[in-house]
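Some notes on the structure that comes next.
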Amino acid sequence: MDPQTLKERISVIESKRETLLLLLEQPDLGTLRIDVNQALEEIDDLIEEFKRTFPESETI
């Protein structure tokens, strides 16, 4: 997979991260909050690793 394709996919993932943050604001989330927090942590790790691997790439 080429770096441009990876950059595009990371951008899509970053945009979905915002949706998870909005979901966390819901008061009736219950135990699903644990899963949302885990997903956010994994997304953050993925983005961080991508930026370390391709430091010249700027995502949204």
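By convention in this document, the chains of the structure tokens carry letters A, B, ... by their order, each chain's residues are numbered from 1, and ligands are numbered from 1 in the order they are shown.
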Every residue of chain A that DSSP places in alpha helix (DSSP H), as a PyMOL selection string: chain A and resi 3-24+32-53
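If you count only C-alpha atoms and ignore residues fewer than 4 places along the chain from Ile13 in chain A, what sits within 12 Å of it is Leu6, Lys7, Glu8, Arg9, Arg17, Glu18, Thr19, Leu20, Ala39, Leu40, Glu42, Ile43, Asp44, Asp45, Leu46, Ile47, Phe50, Thr59 and Ile60 of chain A.
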